[in-house]
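Data block for upload-v9.cif (mmCIF, C-alpha atoms):
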data_final
loop_
_atom_site.label_atom_id
_atom_site.label_comp_id
_atom_site.auth_asym_id
_atom_site.auth_seq_id
_atom_site.Cartn_x
_atom_site.Cartn_y
_atom_site.Cartn_z
CA MET A 1 0.00 0.00 0.00
CA LEU A 2 1.47 3.36 -1.08
CA THR A 3 0.27 6.54 0.56
CA TYR A 4 0.70 10.20 -0.25
CA GLY A 5 -0.98 12.57 2.16
CA LYS A 6 -4.58 11.37 2.34
CA ILE A 7 -4.26 9.33 -0.87
CA SER A 8 -3.93 5.57 -0.45
CA PHE A 9 -2.93 3.43 -3.37
CA ASP A 10 -3.40 -0.35 -3.18
CA SER A 11 -1.46 -2.07 -5.95
CA GLN A 12 -2.97 -5.48 -5.12
CA SER A 13 -6.59 -4.49 -5.55
CA CYS A 14 -5.72 -1.70 -8.05
CA THR A 15 -7.82 0.79 -6.09
CA VAL A 16 -7.09 4.39 -5.15
CA TYR A 17 -8.79 6.31 -2.36
CA HIS A 18 -8.68 9.94 -1.33
CA GLU A 19 -9.76 9.85 2.31
CA ASP A 20 -12.88 7.63 2.10
CA SER A 21 -13.73 8.33 -1.56
CA GLN A 22 -12.64 5.97 -4.30
CA VAL A 23 -10.88 7.67 -7.21
CA HIS A 24 -11.97 6.07 -10.46
CA LEU A 25 -9.06 5.70 -12.87
CA ASN A 26 -8.46 3.76 -16.07
CA PRO A 27 -5.34 1.55 -16.25
CA LYS A 28 -3.09 4.20 -17.82
CA GLU A 29 -4.12 6.88 -15.31
CA TYR A 30 -3.57 4.37 -12.55
CA ALA A 31 -0.07 3.60 -13.88
CA LEU A 32 0.68 7.33 -14.19
CA LEU A 33 -0.39 7.98 -10.60
CA GLU A 34 1.74 5.09 -9.30
CA LEU A 35 4.76 6.50 -11.13
CA PHE A 36 4.23 9.99 -9.68
CA ILE A 37 3.70 8.65 -6.13
CA ARG A 38 6.84 6.52 -6.32
CA TYR A 39 8.85 9.61 -7.32
CA PRO A 40 7.02 12.35 -5.42
CA THR A 41 9.74 15.00 -5.70
CA HIS A 42 10.93 14.27 -9.25
CA VAL A 43 10.03 16.16 -12.38
CA LEU A 44 9.18 13.44 -14.92
CA SER A 45 9.82 14.25 -18.57
CA TYR A 46 7.59 12.96 -21.38
CA ASP A 47 10.33 10.44 -22.24
CA ALA A 48 10.55 9.20 -18.64
CA ILE A 49 6.77 8.81 -18.51
CA ILE A 50 6.70 6.94 -21.82
CA ASP A 51 9.55 4.62 -20.74
CA ARG A 52 7.79 3.61 -17.53
CA VAL A 53 4.09 3.73 -18.37
CA TRP A 54 4.01 2.79 -22.05
CA GLU A 55 6.77 0.19 -21.86
CA GLY A 56 6.26 -2.27 -24.74
CA ASP A 57 3.21 -0.40 -26.08
CA SER A 58 3.14 1.81 -29.14
CA ILE A 59 4.72 5.21 -28.39
CA PRO A 60 2.06 7.79 -27.52
CA THR A 61 2.10 11.38 -28.68
CA ARG A 62 2.68 14.19 -26.17
CA SER A 63 -0.89 15.21 -26.74
CA CYS A 64 -2.03 11.72 -25.69
CA ILE A 65 -0.05 12.01 -22.44
CA ARG A 66 -1.52 15.45 -21.76
CA THR A 67 -4.99 13.97 -22.20
CA HIS A 68 -4.27 11.24 -19.62
CA ILE A 69 -2.88 13.82 -17.17
CA LYS A 70 -6.04 15.92 -17.60
CA ARG A 71 -8.22 12.86 -16.91
CA LEU A 72 -6.14 12.08 -13.83
CA ARG A 73 -6.65 15.63 -12.54
CA ARG A 74 -10.38 15.44 -13.29
CA ALA A 75 -10.71 12.14 -11.39
CA PHE A 76 -9.17 13.78 -8.31
CA ASN A 77 -11.25 16.92 -8.69
CA ALA A 78 -14.30 14.65 -8.58
CA VAL A 79 -13.36 13.53 -5.05
CA ASP A 80 -12.68 17.11 -3.84
CA TYR A 81 -8.90 16.86 -3.90
CA PRO A 82 -7.64 20.37 -3.07
CA GLY A 83 -5.76 21.85 -6.05
CA GLU A 84 -4.31 19.74 -8.83
CA ILE A 85 -2.80 16.33 -8.20
CA VAL A 86 -0.13 16.79 -10.89
CA GLU A 87 1.49 20.08 -11.86
CA ASN A 88 3.10 21.09 -15.10
CA VAL A 89 6.77 22.13 -14.88
CA HIS A 90 7.17 24.31 -17.95
CA GLY A 91 9.51 22.86 -20.56
CA LEU A 92 10.50 19.90 -18.38
CA GLY A 93 7.48 17.70 -17.74
CA TYR A 94 5.17 16.92 -14.83
CA ARG A 95 5.53 16.56 -11.07
CA LEU A 96 3.27 15.46 -8.24
CA ALA A 97 2.03 18.67 -6.63
CA PRO A 98 3.41 19.19 -3.10
CA LEU A 99 0.88 18.39 -0.41
CA SER A 100 -1.09 21.29 0.95
CA THR A 101 -1.36 21.62 4.74
CA SER A 102 -4.98 20.45 4.52
CA GLU A 103 -3.70 17.23 2.95
CA THR A 104 -0.88 16.55 5.39
CA GLY A 105 -2.74 17.78 8.46
CA VAL A 106 0.56 18.98 9.89
CA ILE A 107 2.95 21.85 9.35
CA ARG A 108 6.47 20.47 9.22
CA PRO A 109 9.26 22.59 10.70
CA PRO A 110 11.67 23.84 8.04
CA ALA A 111 15.28 22.63 8.19
CA GLY A 112 16.53 25.95 9.61
CA VAL A 113 14.06 25.82 12.49
CA LEU A 114 15.08 22.25 13.28
CA GLN A 115 18.76 23.18 13.23
CA ARG A 116 18.20 26.05 15.68
CA PHE A 117 16.16 23.74 17.93
CA PHE A 118 18.92 21.09 17.87
CA LYS A 119 21.50 23.75 18.72
CA SER A 120 19.47 25.08 21.66
CA LYS A 121 19.15 21.55 23.08
CA ALA A 122 22.73 20.52 22.22
CA ILE A 123 21.32 17.75 20.03
CA GLU A 124 23.90 16.25 17.69
CA TYR A 125 23.57 13.41 15.23
CA LEU A 126 25.27 11.01 12.91
CA VAL A 127 24.00 9.25 9.82
CA LEU A 128 24.67 5.60 8.96
CA ASP A 129 24.20 3.94 5.59
CA ASP A 130 22.60 0.53 5.13
CA HIS A 131 25.90 -1.17 6.02
CA GLN A 132 25.92 0.83 9.28
CA ILE A 133 28.93 2.84 8.18
CA VAL A 134 29.14 6.50 9.20
CA GLN A 135 28.18 8.80 6.31
CA TYR A 136 27.79 12.10 8.16
CA LEU A 137 28.74 13.58 11.52
CA SER A 138 27.17 16.76 12.85
CA PRO A 139 29.89 19.17 14.04
CA GLY A 140 29.62 18.43 17.78
CA VAL A 141 28.66 14.75 17.77
CA THR A 142 32.08 13.54 18.89
CA GLN A 143 31.48 15.09 22.31
CA TYR A 144 28.94 12.28 22.83
CA SER A 145 31.42 9.56 21.93
CA ASP A 146 33.26 7.41 24.41
CA ASP A 147 36.31 7.59 22.14
CA PRO A 148 36.18 10.67 19.83
CA THR A 149 39.32 9.61 17.94
CA GLU A 150 37.46 6.53 16.71
CA VAL A 151 34.49 8.42 15.29
CA LYS A 152 35.28 8.73 11.59
CA LEU A 153 33.49 8.96 8.28
CA ASN A 154 33.32 5.65 6.38
CA GLU A 155 34.03 3.64 9.53
CA ALA A 156 31.78 1.49 11.71
CA ALA A 157 29.95 3.61 14.27
CA SER A 158 30.45 1.13 17.12
CA ASP A 159 34.20 1.93 17.17
CA GLY A 160 33.44 5.24 18.90
CA PHE A 161 30.15 4.33 20.53
CA PRO A 162 30.39 1.13 22.61
CA GLU A 163 26.66 1.39 23.32
CA PHE A 164 26.02 0.37 19.70
CA VAL A 165 27.72 -3.03 20.11
CA GLY A 166 24.96 -5.66 20.07
CA LEU A 167 22.45 -3.30 18.45
CA GLU A 168 23.45 -4.13 14.87
CA ASP A 169 20.33 -6.27 14.30
CA THR A 170 18.09 -3.61 15.83
CA PHE A 171 19.57 -0.92 13.58
CA GLN A 172 19.16 -3.20 10.56
CA GLU A 173 15.49 -3.74 11.41
CA ILE A 174 15.01 0.04 11.31
CA LEU A 175 16.93 0.32 8.02
CA ASP A 176 14.78 -2.46 6.55
CA GLY A 177 11.60 -0.70 7.64
CA GLU A 178 10.63 -3.49 10.05
CA ARG A 179 10.83 -1.18 13.03
CA ASP A 180 10.26 2.56 13.40
CA SER A 181 12.91 3.54 15.91
CA PHE A 182 14.98 2.59 18.94
CA GLU A 183 15.95 4.68 21.92
CA LEU A 184 18.18 4.27 24.93
CA HIS A 185 18.11 6.57 27.92
CA GLY A 186 20.62 7.33 30.65
CA VAL A 187 23.85 5.90 29.27
CA GLY A 188 26.57 6.88 31.73
CA LYS A 189 29.95 8.32 30.87
CA GLY A 190 32.73 5.84 30.03
CA THR A 191 36.38 6.65 29.40
CA ASN A 192 35.91 10.07 27.77
CA SER A 193 35.90 12.52 30.67
CA ALA A 194 34.70 15.35 28.38
CA ARG A 195 31.50 13.50 27.55
CA PRO A 196 28.29 14.51 29.40
CA ASP A 197 27.71 12.38 32.50
CA TYR A 198 24.65 10.79 30.88
CA ILE A 199 23.30 10.76 27.35
CA ASN A 200 20.16 9.59 25.57
CA PHE A 201 20.16 8.47 21.97
CA TYR A 202 17.43 7.86 19.40
CA ALA A 203 17.85 5.88 16.18
CA VAL A 204 15.32 6.73 13.48
CA GLY A 205 15.11 5.49 9.88
CA ASP A 206 14.77 7.82 6.91
CA ARG A 207 11.45 6.98 5.28
CA ASP A 208 11.09 10.14 3.23
CA THR A 209 13.99 9.80 0.84
CA GLN A 210 13.34 7.29 -1.91
CA LEU A 211 16.91 6.85 -3.09
CA ALA A 212 18.80 6.32 0.15
CA ASN A 213 18.45 3.93 3.04
CA ARG A 214 19.78 5.81 6.02
CA LEU A 215 19.67 5.71 9.79
CA PHE A 216 19.82 8.93 11.81
CA ILE A 217 21.09 8.64 15.38
CA PHE A 218 20.38 11.69 17.56
CA PHE A 219 22.15 12.32 20.87
CA GLU A 220 21.17 14.57 23.75
CA ASP A 221 22.65 15.42 27.12
CA ALA A 222 20.58 13.76 29.86
CA SER A 223 22.88 14.64 32.76
CA ASP A 224 20.55 16.94 34.73
CA GLN A 225 17.64 14.52 34.63
CA MET A 226 19.78 11.50 35.51
CA ARG A 227 21.61 13.25 38.35
CA SER A 228 18.22 14.08 39.90
CA ARG A 229 17.17 10.47 39.47
CA GLN A 230 20.42 9.29 41.07
CA ARG A 231 19.80 11.40 44.19
CA LEU A 232 16.25 10.10 44.45
CA VAL A 233 17.20 6.45 43.92
CA GLN A 234 20.15 6.73 46.30
CA ARG A 235 17.98 8.05 49.14
CA SER A 236 15.29 5.48 48.51
CA ASN A 237 17.72 2.55 48.33
CA GLU A 238 19.53 3.61 51.49
CA THR A 239 16.19 3.80 53.31
CA MET A 240 15.19 0.35 52.03
CA LEU A 241 18.52 -1.11 53.17
CA LEU A 242 18.03 0.42 56.61
CA LEU A 243 14.53 -1.05 56.85
CA GLU A 244 15.83 -4.49 55.84
CA ARG A 245 18.47 -4.31 58.61
CA LEU A 246 15.87 -3.22 61.16
CA GLN A 247 13.61 -6.14 60.20
CA ILE A 248 16.48 -8.60 60.72
CA THR A 249 17.33 -7.21 64.15
CA MET B 1 44.30 -11.92 15.87
CA SER B 2 40.99 -10.15 15.27
CA ILE B 3 39.00 -8.75 18.17
CA VAL B 4 35.39 -9.80 18.71
CA LYS B 5 33.12 -7.51 20.70
CA LYS B 6 30.55 -9.03 23.06
CA LYS B 7 27.92 -7.24 25.07
CA ILE B 8 27.11 -8.74 28.44
CA CYS B 9 24.75 -7.39 31.08
CA LEU B 10 24.81 -7.46 34.87
CA ILE B 11 21.30 -7.47 36.29
CA GLY B 12 19.79 -7.91 39.71
CA ASP B 13 18.16 -6.04 42.57
CA PHE B 14 19.66 -2.81 43.90
CA ALA B 15 22.72 -2.90 46.18
CA VAL B 16 23.74 -6.48 45.41
CA GLY B 17 27.19 -5.42 44.19
CA LYS B 18 26.89 -5.37 40.39
CA THR B 19 29.00 -2.23 40.03
CA SER B 20 31.54 -3.56 42.54
CA LEU B 21 31.93 -6.85 40.65
CA ILE B 22 32.66 -4.92 37.45
CA ARG B 23 35.09 -2.58 39.21
CA ARG B 24 36.89 -5.55 40.74
CA TYR B 25 37.12 -7.30 37.37
CA VAL B 26 38.05 -4.29 35.22
CA GLU B 27 40.04 -2.07 37.60
CA LYS B 28 41.05 -4.58 40.31
CA GLN B 29 39.64 -2.23 42.91
CA PHE B 30 36.93 -2.24 45.57
CA ARG B 31 35.14 0.65 47.26
CA ASP B 32 33.01 0.12 50.35
CA GLN B 33 30.86 3.20 49.78
CA TYR B 34 27.45 2.49 48.19
CA LEU B 35 26.58 4.66 45.19
CA SER B 36 23.46 3.51 43.35
CA THR B 37 23.72 3.16 39.59
CA VAL B 38 21.06 4.84 37.48
CA GLY B 39 20.54 4.14 33.81
CA VAL B 40 23.48 2.13 32.58
CA LYS B 41 27.25 2.38 32.69
CA ILE B 42 29.31 0.55 30.09
CA SER B 43 32.82 -0.69 30.90
CA LYS B 44 35.25 -2.35 28.52
CA LYS B 45 37.72 -5.13 29.16
CA LEU B 46 39.96 -6.78 26.59
CA VAL B 47 40.76 -10.43 27.33
CA THR B 48 42.40 -13.26 25.47
CA LEU B 49 40.54 -16.52 25.89
CA GLN B 50 40.78 -20.01 24.54
CA PRO B 51 37.41 -21.71 24.93
CA SER B 52 37.61 -25.53 25.00
CA GLY B 53 37.25 -27.01 21.54
CA THR B 54 38.60 -23.94 19.75
CA PRO B 55 41.92 -24.22 17.87
CA SER B 56 43.41 -20.85 18.76
CA PRO B 57 42.96 -18.08 21.34
CA VAL B 58 40.40 -15.36 20.74
CA GLU B 59 40.71 -11.71 21.71
CA VAL B 60 37.44 -10.53 23.18
CA GLN B 61 36.48 -6.92 23.90
CA MET B 62 33.85 -7.35 26.57
CA MET B 63 31.29 -4.55 26.72
CA ILE B 64 30.01 -4.90 30.25
CA TRP B 65 26.66 -3.20 30.88
CA ASP B 66 26.07 -2.31 34.51
CA LEU B 67 22.31 -1.86 34.68
CA GLU B 68 20.38 0.10 37.26
CA GLY B 69 19.24 -2.33 39.95
CA ARG B 70 15.61 -3.17 40.37
CA THR B 71 13.97 -0.76 42.80
CA GLN B 72 10.51 0.51 43.54
CA PHE B 73 11.07 3.05 40.73
CA GLU B 74 10.10 2.08 37.25
CA ALA B 75 13.19 1.12 35.29
CA LEU B 76 14.16 3.29 32.34
CA THR B 77 13.10 1.08 29.42
CA SER B 78 15.01 -1.90 30.79
CA SER B 79 14.16 -4.04 27.77
CA SER B 80 16.14 -1.62 25.57
CA TYR B 81 19.19 -2.12 27.76
CA LEU B 82 19.04 -5.89 27.35
CA GLN B 83 18.67 -5.83 23.59
CA GLY B 84 21.53 -7.52 21.74
CA ALA B 85 23.27 -8.92 24.83
CA MET B 86 25.23 -12.12 24.27
CA GLY B 87 25.02 -13.19 27.91
CA ALA B 88 24.20 -12.04 31.42
CA ILE B 89 25.38 -12.30 34.98
CA VAL B 90 22.39 -12.28 37.31
CA VAL B 91 23.49 -11.06 40.72
CA GLY B 92 22.01 -11.55 44.18
CA ALA B 93 23.49 -10.75 47.58
CA MET B 94 24.08 -13.83 49.76
CA ASN B 95 23.31 -11.84 52.89
CA ARG B 96 19.93 -10.54 51.63
CA GLN B 97 17.38 -13.28 51.03
CA ALA B 98 14.98 -10.94 49.19
CA THR B 99 17.54 -10.38 46.44
CA LEU B 100 18.03 -14.14 46.00
CA GLY B 101 14.27 -14.60 45.72
CA GLY B 102 14.27 -12.20 42.78
CA LEU B 103 16.96 -14.03 40.79
CA GLU B 104 14.47 -16.04 38.75
CA ASP B 105 12.57 -12.89 37.72
CA HIS B 106 15.79 -11.44 36.35
CA ILE B 107 16.71 -14.67 34.53
CA GLU B 108 13.26 -14.77 32.93
CA LEU B 109 13.38 -11.11 31.92
CA PHE B 110 16.76 -11.57 30.26
CA GLY B 111 15.58 -14.76 28.51
CA LYS B 112 12.53 -12.99 27.18
CA PHE B 113 14.68 -10.62 25.15
CA ASN B 114 17.65 -12.90 24.56
CA PRO B 115 16.40 -16.49 24.41
CA LYS B 116 19.19 -19.10 24.35
CA ARG B 117 21.84 -16.64 25.52
CA PRO B 118 23.92 -17.95 28.46
CA VAL B 119 23.39 -16.76 32.02
CA ILE B 120 25.54 -17.21 35.11
CA VAL B 121 24.19 -16.61 38.61
CA ALA B 122 26.49 -14.77 40.98
CA LEU B 123 25.78 -15.06 44.70
CA ASN B 124 27.76 -12.01 45.73
CA LYS B 125 28.97 -10.69 49.10
CA ALA B 126 30.25 -14.17 50.01
CA ASP B 127 32.60 -12.50 52.49
CA LEU B 128 29.57 -11.52 54.61
CA VAL B 129 28.22 -15.07 54.95
CA PRO B 130 29.87 -17.95 56.87
CA PRO B 131 31.70 -20.28 54.42
CA ASP B 132 29.77 -23.34 55.63
CA GLN B 133 26.59 -21.85 54.06
CA HIS B 134 28.15 -21.29 50.64
CA LYS B 135 27.85 -24.85 49.39
CA SER B 136 24.14 -25.25 50.14
CA LEU B 137 23.25 -21.86 48.64
CA ARG B 138 25.26 -22.58 45.54
CA GLU B 139 23.63 -25.99 45.09
CA ARG B 140 20.20 -24.48 45.50
CA TYR B 141 20.68 -21.91 42.75
CA ASN B 142 22.64 -24.31 40.53
CA ASN B 143 19.50 -26.39 40.29
CA LEU B 144 17.34 -23.69 38.77
CA THR B 145 15.39 -25.19 35.91
CA TYR B 146 16.57 -22.91 33.12
CA ASP B 147 18.48 -24.39 30.19
CA THR B 148 20.41 -21.18 29.73
CA VAL B 149 21.81 -20.98 33.27
CA LEU B 150 25.32 -22.42 33.03
CA ASP B 151 26.58 -22.06 36.52
CA CYS B 152 26.14 -20.48 39.91
CA GLN B 153 29.15 -19.08 41.72
CA CYS B 154 29.69 -17.56 45.15
CA THR B 155 31.58 -14.32 44.61
CA SER B 156 33.02 -11.47 46.60
CA ALA B 157 33.83 -8.17 44.94
CA LYS B 158 35.57 -7.21 48.18
CA THR B 159 38.07 -10.11 48.27
CA GLY B 160 37.99 -10.88 44.53
CA GLU B 161 36.79 -14.46 45.15
CA ASN B 162 35.68 -16.06 41.86
CA VAL B 163 35.25 -12.68 40.15
CA ASP B 164 37.62 -13.22 37.19
CA ALA B 165 36.29 -16.76 36.73
CA LEU B 166 32.73 -15.45 36.68
CA PHE B 167 33.31 -13.07 33.77
CA GLU B 168 35.63 -15.32 31.84
CA THR B 169 33.31 -18.34 32.06
CA LEU B 170 30.53 -16.20 30.61
CA ALA B 171 32.79 -14.74 27.90
CA LYS B 172 33.82 -18.24 26.78
CA ALA B 173 30.19 -19.34 26.76
CA CYS B 174 29.26 -16.31 24.64
CA ILE B 175 31.92 -17.23 22.06
CA LYS B 176 30.77 -20.86 21.93
CA ASN B 177 27.13 -19.76 21.82
CA ALA B 178 27.81 -17.41 18.91
CA LYS B 179 29.57 -20.20 16.99
CA GLY B 180 26.86 -22.72 17.76
#
Conversion result in structure tokens:
Amino acid sequence: MLTYGKISFDSQSCTVYHEDSQVHLNPKEYALLELFIRYPTHVLSYDAIIDRVWEGDSIPTRSCIRTHIKRLRRAFNAVDYPGEIVENVHGLGYRLAPLSTSETGVIRPPAGVLQRFFKSKAIEYLVLDDHQIVQYLSPGVTQYSDDPTEVKLNEAASDGFPEFVGLEDTFQEILDGERDSFELHGVGKGTNSARPDYINFYAVGDRDTQLANRLFIFFEDASDQMRSRQRLVQRSNETMLLLERLQIT
Amino acid sequence: MSIVKKKICLIGDFAVGKTSLIRRYVEKQFRDQYLSTVGVKISKKLVTLQPSGTPSPVEVQMMIWDLEGRTQFEALTSSSYLQGAMGAIVVGAMNRQATLGGLEDHIELFGKFNPKRPVIVALNKADLVPPDQHKSLRERYNNLTYDTVLDCQCTSAKTGENVDALFETLAKACIKNAKG
């Protein structure tokens, strides 16, 4: 099942729905829509459309393709789709129109806003490819490593982060889309004295980029929260030990 | 000789000496002062082992996870801590019956997330219990009906009794388990 905003596309039953309304499409319009949904950010030229949708058939004219695009738009207009499903990119071809906020239901923070938020919270991250090799390091991520000298591009991430040892299968499940995310809280400082006393990390797969299979691992400083917890647990445990001794005597 | 990395976890109730066992094994030190662990602390120890039936020695980087002991507070996603562990040492304190009663809970919790991974039971603080009681306690917990429990040892982080053997027995079992 493919989805795009409120559109769901079931390739097994060959049905398309916008919210609860079925969108009635003929086979060519259906194939066109599937192509656009599989490449939601790409501008598809007439040649690219012909190669993928008319493969093996007689070559259609540009006018024929325009007619199918019009029918596709009309079918979505009939189910009250806001705006046009496919937009014309002058001189280049066609592209799936970006989702309006009424279609997504959410307003996503732009990259700049996210970066400023990460900075304010001292959140750093690294990116692993599908072989779990480091592909990107945010500028301050080594401060969260137990051994900053071992954190390198194109190397295994577990060399600098001992907490990743044993999690290879978990990370692979996320990369394979079998699991959404994994998080670990309150990992204490090891040999790197410059590292925060405690960190949390969150591993999240990239589901939005069609061409790359990547795992983002975000780190945050959890020292304040964990130090408070330590004081609380320490007091409680000492009291419990005292009570145990009193019960024995 | 290539280095294999193995994650092992120490689990048990609070104040049974998990942190002290690790400190004794890794740093050869002991501190009497009790400082409760929260979250998890990971220590590393590189050892060269030759498990029986293997042709040559193996260098093992042990990643030893010291987990927050079970308390009345809800653990911080304890299942996440156990994920991917190749073995566990389940620790109770010989001088505190309540902690021995909880050993089976810890073995079952570990087995739930890591079925078939080896477990060793450590009856710690042996220095606080008369030696004539060691044998009977050890026999009792050696007879736990779990296929994964390999052994039960009386240990003392304070004197060092059986501490190296505890970790190295588990490390060898992890290597054999991974090969099997």
### Task
Hey, list the chain B side of the contact with chain A: 12 Å cut-off, all atoms listed in the file, answer as an NGL selection string.
:B and (3-9 or 13-16 or 33-45 or 61-87 or 95-99 or 114)
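The spacing separating CA of Asn177 in chain B from CA of Ile11 in chain B amounts to 19.9 Å.
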Can you spell out as a PDB file with C-alpha atoms, in the frame of the given file the set of residues that the PyMOL selection byres ((chain A and resi 76) around 12) selects in the structure I just provided?
ATOM      1  CA  LYS A   6      -4.580  11.370   2.340  1.00  0.00           C
ATOM      2  CA  ILE A   7      -4.260   9.330  -0.870  1.00  0.00           C
ATOM      3  CA  VAL A  16      -7.090   4.390  -5.150  1.00  0.00           C
ATOM      4  CA  TYR A  17      -8.790   6.310  -2.360  1.00  0.00           C
ATOM      5  CA  HIS A  18      -8.680   9.940  -1.330  1.00  0.00           C
ATOM      6  CA  GLU A  19      -9.760   9.850   2.310  1.00  0.00           C
ATOM      7  CA  SER A  21     -13.730   8.330  -1.560  1.00  0.00           C
ATOM      8  CA  GLN A  22     -12.640   5.970  -4.300  1.00  0.00           C
ATOM      9  CA  VAL A  23     -10.880   7.670  -7.210  1.00  0.00           C
ATOM     10  CA  HIS A  24     -11.970   6.070 -10.460  1.00  0.00           C
ATOM     11  CA  LEU A  25      -9.060   5.700 -12.870  1.00  0.00           C
ATOM     12  CA  GLU A  29      -4.120   6.880 -15.310  1.00  0.00           C
ATOM     13  CA  TYR A  30      -3.570   4.370 -12.550  1.00  0.00           C
ATOM     14  CA  LEU A  33      -0.390   7.980 -10.600  1.00  0.00           C
ATOM     15  CA  ILE A  69      -2.880  13.820 -17.170  1.00  0.00           C
ATOM     16  CA  LYS A  70      -6.040  15.920 -17.600  1.00  0.00           C
ATOM     17  CA  ARG A  71      -8.220  12.860 -16.910  1.00  0.00           C
ATOM     18  CA  LEU A  72      -6.140  12.080 -13.830  1.00  0.00           C
ATOM     19  CA  ARG A  73      -6.650  15.630 -12.540  1.00  0.00           C
ATOM     20  CA  ARG A  74     -10.380  15.440 -13.290  1.00  0.00           C
ATOM     21  CA  ALA A  75     -10.710  12.140 -11.390  1.00  0.00           C
ATOM     22  CA  ASN A  77     -11.250  16.920  -8.690  1.00  0.00           C
ATOM     23  CA  ALA A  78     -14.300  14.650  -8.580  1.00  0.00           C
ATOM     24  CA  VAL A  79     -13.360  13.530  -5.050  1.00  0.00           C
ATOM     25  CA  ASP A  80     -12.680  17.110  -3.840  1.00  0.00           C
ATOM     26  CA  TYR A  81      -8.900  16.860  -3.900  1.00  0.00           C
ATOM     27  CA  PRO A  82      -7.640  20.370  -3.070  1.00  0.00           C
ATOM     28  CA  GLY A  83      -5.760  21.850  -6.050  1.00  0.00           C
ATOM     29  CA  GLU A  84      -4.310  19.740  -8.830  1.00  0.00           C
ATOM     30  CA  ILE A  85      -2.800  16.330  -8.200  1.00  0.00           C
ATOM     31  CA  VAL A  86      -0.130  16.790 -10.890  1.00  0.00           C
TER      32      VAL A  86
END
### Query
What is the CA of Val204 in chain A to CA of Ser181 in chain A distance in Å?
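CA of Val204 in chain A sits 4.7 Å away from CA of Ser181 in chain A.
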### Task
Just give me the residues with any atom within 12 Å of (30.2, 18.0, 15.0), file coordinates, counting only C-alpha atoms, written as a list in words.
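The residues near that point, listed by chain and number, are Lys119, Ala122, Ile123, Glu124, Tyr125, Leu126, Val127, Tyr136, Leu137, Ser138, Pro139, Gly140, Val141, Thr142, Gln143, Tyr144, Ser145, Pro148, Val151, Lys152, Leu153, Phe218 and Phe219 of chain A.
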#### Entry: For CA of Glu178 in chain A and CA of Gly205 in chain A, the interatomic separation in Å (one decimal)
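Spanning CA of Glu178 in chain A to CA of Gly205 in chain A is a straight-line distance of 10.0 Å.
Using all atoms listed in the file, the protein and nucleic acid residues lying at most 8 Å from the point (35.9, -1.1, 44.0) are Ser20, Leu21, Arg23, Arg24, Glu27, Lys28, Gln29, Phe30, Arg31, Asp32, Ala157 and Lys158 of chain B.
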### Residues matched by the PyMOL selection byres ((chain B and resi 94) around 10), written as JSON, numbers by chain
{"B": [16, 91, 92, 93, 95, 96, 97, 98, 99, 100, 122, 123, 124, 125, 126, 127, 128, 129, 133, 134, 137, 138, 154, 155, 156]}
### Expected selection from the PyMOL selection byres ((chain A and resi 99) around 12), given as a count of residues only
28
### Message
Please determine, counting all atoms listed in the file, which residue among A:Val53, A:Leu44, A:Ile133, A:Leu114 has the shortest atom-to-atom distance to Tyr94 in chain A.
### Response
A:Leu44
### Query
Using all atoms listed in the file, which of the listed residues (A:His90, A:Lys28, A:His42, A:Arg207) sits closest to Pro60 in chain A?
A:Lys28
### Message
For Leu49 in chain B, find every residue with an atom within 9 Å (counting all atoms listed in the file), except residues of its own chain fewer than 2 positions away, and show them as a list in words.
### Response
Val47, Pro51, Ser56, Pro57, Val58, Glu59, Val60, Glu168, Ala171 and Lys172 of chain B
All file atoms of range 59-64 of chain B boxed axis-aligned, 4 Å per side, centre plus edges, as AutoDock Vina command-line options:
--center_x 35.4 --center_y -8.1 --center_z 26.0 --size_x 18.7 --size_y 15.2 --size_z 16.5
### Task
Using only C-alpha atoms, determine which residues lie at most 10 Å from Val121 in chain B, disregarding the query and same-chain residues fewer than 5 positions distant; provide the list as a PyMOL selection string.
chain B and resi 10-12+88-92+100+103-104+107+138+141-142+144+149-155+166
### Message
So, with only C-alpha atoms as the atoms that count, which of A:Arg116, A:Arg214, A:Arg195, A:Arg38 lies closest to Leu175 in chain A?
### Response
A:Arg214
